[in-house]
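What follows is one structure encoded as C-alpha cells, with my remarks underneath.
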Amino acid sequence: MTDRPEIETLSSRIAYANRWLRVREDQVRRADGSTGIYGVIERIDFAVVIPVEPDGSIHLVEQYRYPVRGRWWELPQGAWEHAPDADPIAVARGELREETGLTAGRMTHIGHLFLAAGIATQGYNVFVAEDLTHAGDALEVEEQGLIARRFPRTTIEEMIAKGRLKDATTIAALALYDRRQ
C-alpha cells in the first residue's frame, strides 16, 4: 500500500474568482501515470434547513434561480460568504429566519452531504428545525421575490413526482430526513 493519492496535483491555478466562488484548474497525474487537467469549483459549505411543523408539514421557499431561468421550490438554504468560518447551526438559524421569517426552538443536525463531488468542494449541513415561531421576514437583496409557504408532506412528494420540485439538495435532504425517522 502506498501513501500516494489516486490523483496527484502537479500544479494549480485560479482561473476565475468572485465573492462567491473560485474556479481552479489543476494539472494532475493519475495512478496509472497519465496526466491531465481537472477543473474544480471551490465554494464554502452551506446550510439546508427542513422546517417541520408538528403535523409533519414542511416550509419551502420559491425563488427565481438565474442559472436555470426559472422559479423553483426548495428548502431554505444558504451560505455566509461574509463569514465562511461561521458555525453551521448559526448559518442554518440565520437562513431559516431570513428566508421564511421563522425561528426554531430546536435545531438538529442530521448530516453532511456533498453538492457535486465530481466538480466542486462544496458540501452542506442538513438541519431539522422544530418548535417554529414566526418572527418576521428578513430577506436579502439577492432574494427579491422569494416566497415562503407551508406544504403537507404528501403535496411535497407529489411536487417531486411531477417535476415541480427539482432542487437536488432539497430532495437529498428530505431523503436523509426520511432515513432518520
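For the C-alpha cells, the naming scheme is as follows: chains receive sequential letters (A, B, ...) according to their order of presentation, residues are indexed from 1 within each chain, and ligands are indexed from 1 in presentation order.
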
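If you count only C-alpha atoms and ignore residues fewer than 6 places along the chain from Arg71 of chain A, what sits within 10 Å of it is Val61, Glu62, Gln63, Tyr64, Arg65, Gly145, Leu146, Ile147, Arg164 and Leu165 of chain A.
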
Residues near Val48 of chain A, anyone? I mean within 9 Å using only C-alpha atoms, not counting same-chain ones fewer than 4 positions away, as a CSV table (one decimal) with N, CA, C and O atoms, in the first residue's frame.
chain,number,residue,atom,x,y,z
A,75,LEU,N,-36.0,23.8,-0.1
A,75,LEU,CA,-35.9,24.1,1.3
A,75,LEU,C,-35.1,25.3,1.5
A,75,LEU,O,-34.3,25.7,0.7
A,76,PRO,N,-35.3,26.1,2.6
A,76,PRO,CA,-34.4,27.2,2.9
A,76,PRO,C,-33.0,26.8,3.0
A,76,PRO,O,-32.7,25.7,3.6
A,77,GLN,N,-32.1,27.5,2.4
A,77,GLN,CA,-30.7,27.1,2.3
A,77,GLN,C,-29.8,28.3,2.0
A,77,GLN,O,-30.3,29.3,1.3
A,78,GLY,N,-28.6,28.3,2.4
A,78,GLY,CA,-27.7,29.4,2.0
A,78,GLY,C,-26.4,29.3,2.8
A,78,GLY,O,-26.2,28.4,3.7
A,92,ALA,N,-27.6,28.0,9.7
A,92,ALA,CA,-28.9,27.4,9.5
A,92,ALA,C,-30.0,28.3,10.1
A,92,ALA,O,-31.0,28.5,9.5
A,95,GLU,N,-30.4,31.5,8.0
A,95,GLU,CA,-31.1,31.3,6.7
A,95,GLU,C,-32.6,31.0,6.9
A,95,GLU,O,-33.4,31.5,6.1
A,96,LEU,N,-32.9,30.2,7.9
A,96,LEU,CA,-34.3,30.0,8.3
A,96,LEU,C,-35.0,31.3,8.5
A,96,LEU,O,-36.1,31.5,7.9
A,124,TYR,N,-22.8,20.5,2.2
A,124,TYR,CA,-23.9,21.2,3.0
A,124,TYR,C,-24.3,20.4,4.2
A,124,TYR,O,-24.3,19.2,4.2
A,125,ASN,N,-24.6,21.1,5.3
A,125,ASN,CA,-25.1,20.6,6.5
A,125,ASN,C,-26.6,20.6,6.5
A,125,ASN,O,-27.1,21.7,6.2
A,126,VAL,N,-27.2,19.5,6.9
A,126,VAL,CA,-28.7,19.4,6.9
A,126,VAL,C,-29.2,19.5,8.3
A,126,VAL,O,-28.7,18.7,9.2
A,127,PHE,N,-30.1,20.4,8.6
A,127,PHE,CA,-30.7,20.6,9.9
A,127,PHE,C,-32.2,20.4,9.8
A,127,PHE,O,-32.8,20.8,8.9
A,128,VAL,N,-32.8,19.9,10.9
A,128,VAL,CA,-34.2,19.8,11.1
A,128,VAL,C,-34.6,20.9,12.1
A,128,VAL,O,-34.0,20.9,13.2
A,169,THR,N,-30.6,19.3,-3.9
A,169,THR,CA,-30.2,19.4,-2.5
A,169,THR,C,-31.4,19.2,-1.6
A,169,THR,O,-31.4,18.5,-0.6
A,170,THR,N,-32.6,19.8,-2.0
A,170,THR,CA,-33.8,19.6,-1.2
A,170,THR,C,-34.2,18.1,-1.2
A,170,THR,O,-34.6,17.5,-0.2
A,173,ALA,N,-31.8,16.1,1.0
A,173,ALA,CA,-32.0,16.4,2.4
A,173,ALA,C,-33.3,15.8,2.9
A,173,ALA,O,-33.3,15.2,4.0

request  = Just the residues within 12 Å of Thr9 of chain A, please, counting only C-alpha atoms, with nothing from its chain fewer than 2 positions along; format it as a PyMOL selection string.
outcome  = chain A and resi 4-7+11-13+24-31+35-40

request  = Please identify which residues in chain A DSSP calls helix (DSSP H, G or I) from the backbone, and express them as a PyMOL selection string.
outcome  = chain A and resi 66-68+88-100+141-143+153-161+168-180

inquiry  = I'd like to know which of A:Thr121, A:Gly94, A:Phe46, A:His112 is closest to Val23 of chain A, using only C-alpha atoms.
reply    = A:Thr121

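We find atom CA of Ile119 of chain A and atom CA of Leu176 of chain A to be spaced 22.1 Å apart.
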
For the contact check between segment 42-124 of chain A and segment 157-163 of chain A, emit one row per residue of segment 42-124 of chain A within 12 Å, containing the shortest atom pair and the distance in Å rounded to one decimal, counting only C-alpha atoms, chain then rising number order, as a tab-separated table.
residue	atom	partner	partner_atom	distance
A:Ser57	CA	A:Glu157	CA	11.3
A:Ile58	CA	A:Glu157	CA	11.2
A:Leu60	CA	A:Met159	CA	11.5
A:Trp72	CA	A:Gly163	CA	9.9
A:Trp73	CA	A:Met159	CA	8.9
A:Glu74	CA	A:Ile160	CA	10.4

I need the chosen residues saved as a compact mmCIF listing (two decimals), in the first residue's frame, with all heavy atoms.
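Output (part_11.txt):
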# COMPACT_ATOMS: atom_id res chain seq x y z
N SER A 57 -46.03 18.83 8.24
CA SER A 57 -45.89 19.71 7.08
C SER A 57 -44.53 20.41 7.15
O SER A 57 -43.92 20.54 8.22
CB SER A 57 -47.04 20.72 7.01
OG SER A 57 -47.06 21.54 8.15
N ILE A 58 -44.08 20.86 5.97
CA ILE A 58 -42.75 21.43 5.84
C ILE A 58 -42.83 22.76 5.10
O ILE A 58 -43.57 22.89 4.13
CB ILE A 58 -41.82 20.44 5.10
CG1 ILE A 58 -41.60 19.19 5.95
CG2 ILE A 58 -40.48 21.09 4.74
CD1 ILE A 58 -40.83 18.09 5.27
N LEU A 60 -41.34 25.43 2.59
CA LEU A 60 -40.45 25.56 1.43
C LEU A 60 -40.40 27.01 1.01
O LEU A 60 -41.28 27.81 1.38
CB LEU A 60 -40.96 24.71 0.26
CG LEU A 60 -41.05 23.20 0.43
CD1 LEU A 60 -41.67 22.57 -0.81
CD2 LEU A 60 -39.69 22.60 0.73
N TRP A 72 -38.36 27.95 -8.65
CA TRP A 72 -38.46 26.58 -8.17
C TRP A 72 -38.61 26.55 -6.65
O TRP A 72 -38.07 27.39 -5.95
CB TRP A 72 -37.21 25.79 -8.58
CG TRP A 72 -37.06 25.73 -10.05
CD1 TRP A 72 -36.28 26.53 -10.84
CD2 TRP A 72 -37.77 24.88 -10.95
NE1 TRP A 72 -36.44 26.21 -12.16
CE2 TRP A 72 -37.36 25.20 -12.26
CE3 TRP A 72 -38.71 23.87 -10.78
CZ2 TRP A 72 -37.86 24.55 -13.38
CZ3 TRP A 72 -39.20 23.22 -11.88
CH2 TRP A 72 -38.78 23.55 -13.17
N TRP A 73 -39.33 25.56 -6.17
CA TRP A 73 -39.49 25.35 -4.73
C TRP A 73 -38.28 24.58 -4.21
O TRP A 73 -37.74 23.70 -4.88
CB TRP A 73 -40.77 24.56 -4.45
CG TRP A 73 -42.00 25.36 -4.69
CD1 TRP A 73 -42.81 25.30 -5.78
CD2 TRP A 73 -42.55 26.35 -3.83
NE1 TRP A 73 -43.83 26.20 -5.66
CE2 TRP A 73 -43.70 26.87 -4.46
CE3 TRP A 73 -42.18 26.87 -2.59
CZ2 TRP A 73 -44.49 27.86 -3.89
CZ3 TRP A 73 -42.98 27.86 -2.02
CH2 TRP A 73 -44.12 28.35 -2.67
N GLU A 74 -37.89 24.92 -2.99
CA GLU A 74 -36.76 24.25 -2.34
C GLU A 74 -36.82 24.51 -0.84
O GLU A 74 -37.58 25.38 -0.38
CB GLU A 74 -35.43 24.77 -2.90
CG GLU A 74 -35.23 26.25 -2.70
CD GLU A 74 -34.09 26.83 -3.51
OE1 GLU A 74 -33.91 26.45 -4.68
OE2 GLU A 74 -33.38 27.69 -2.96

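If only C-alpha atoms are the atoms counted, then among A:Ile41, A:Ile156, A:Val49, A:Leu10 the closest residue to Val91 of chain A is A:Val49.
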
message = I need the residues in segment 13-85 of chain A that are strand (DSSP E or B) according to DSSP; give them as a PyMOL selection string.
response = chain A and resi 13-17+22-30+35-42+46-52+58-65+70-74+77-78

request  = Determine the nearest neighbour of Val68 of chain A from the options A:Ile171, A:Lys166, A:Glu8, A:Gln181, counting only C-alpha atoms.
outcome  = A:Lys166

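Straight-line separation from atom CA of Pro51 of chain A to atom CA of Arg180 of chain A: 15.0 Å.
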
Interatomic distance, atom CA of Ala117 of chain A to atom CA of Glu42 of chain A (Å, one decimal) = 10.9 Å

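Between Arg22 of chain A and the candidates A:Ala79, A:Ala90, A:Ala175, A:Ala120, the tightest atom-to-atom separation, counting only C-alpha atoms, involves A:Ala120.
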
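Remark: for Gly105 of chain A, the closest of the candidate residues A:Ile44, A:Gly70, A:Glu53, A:Pro88 is A:Glu53 (distances computed over only C-alpha atoms).
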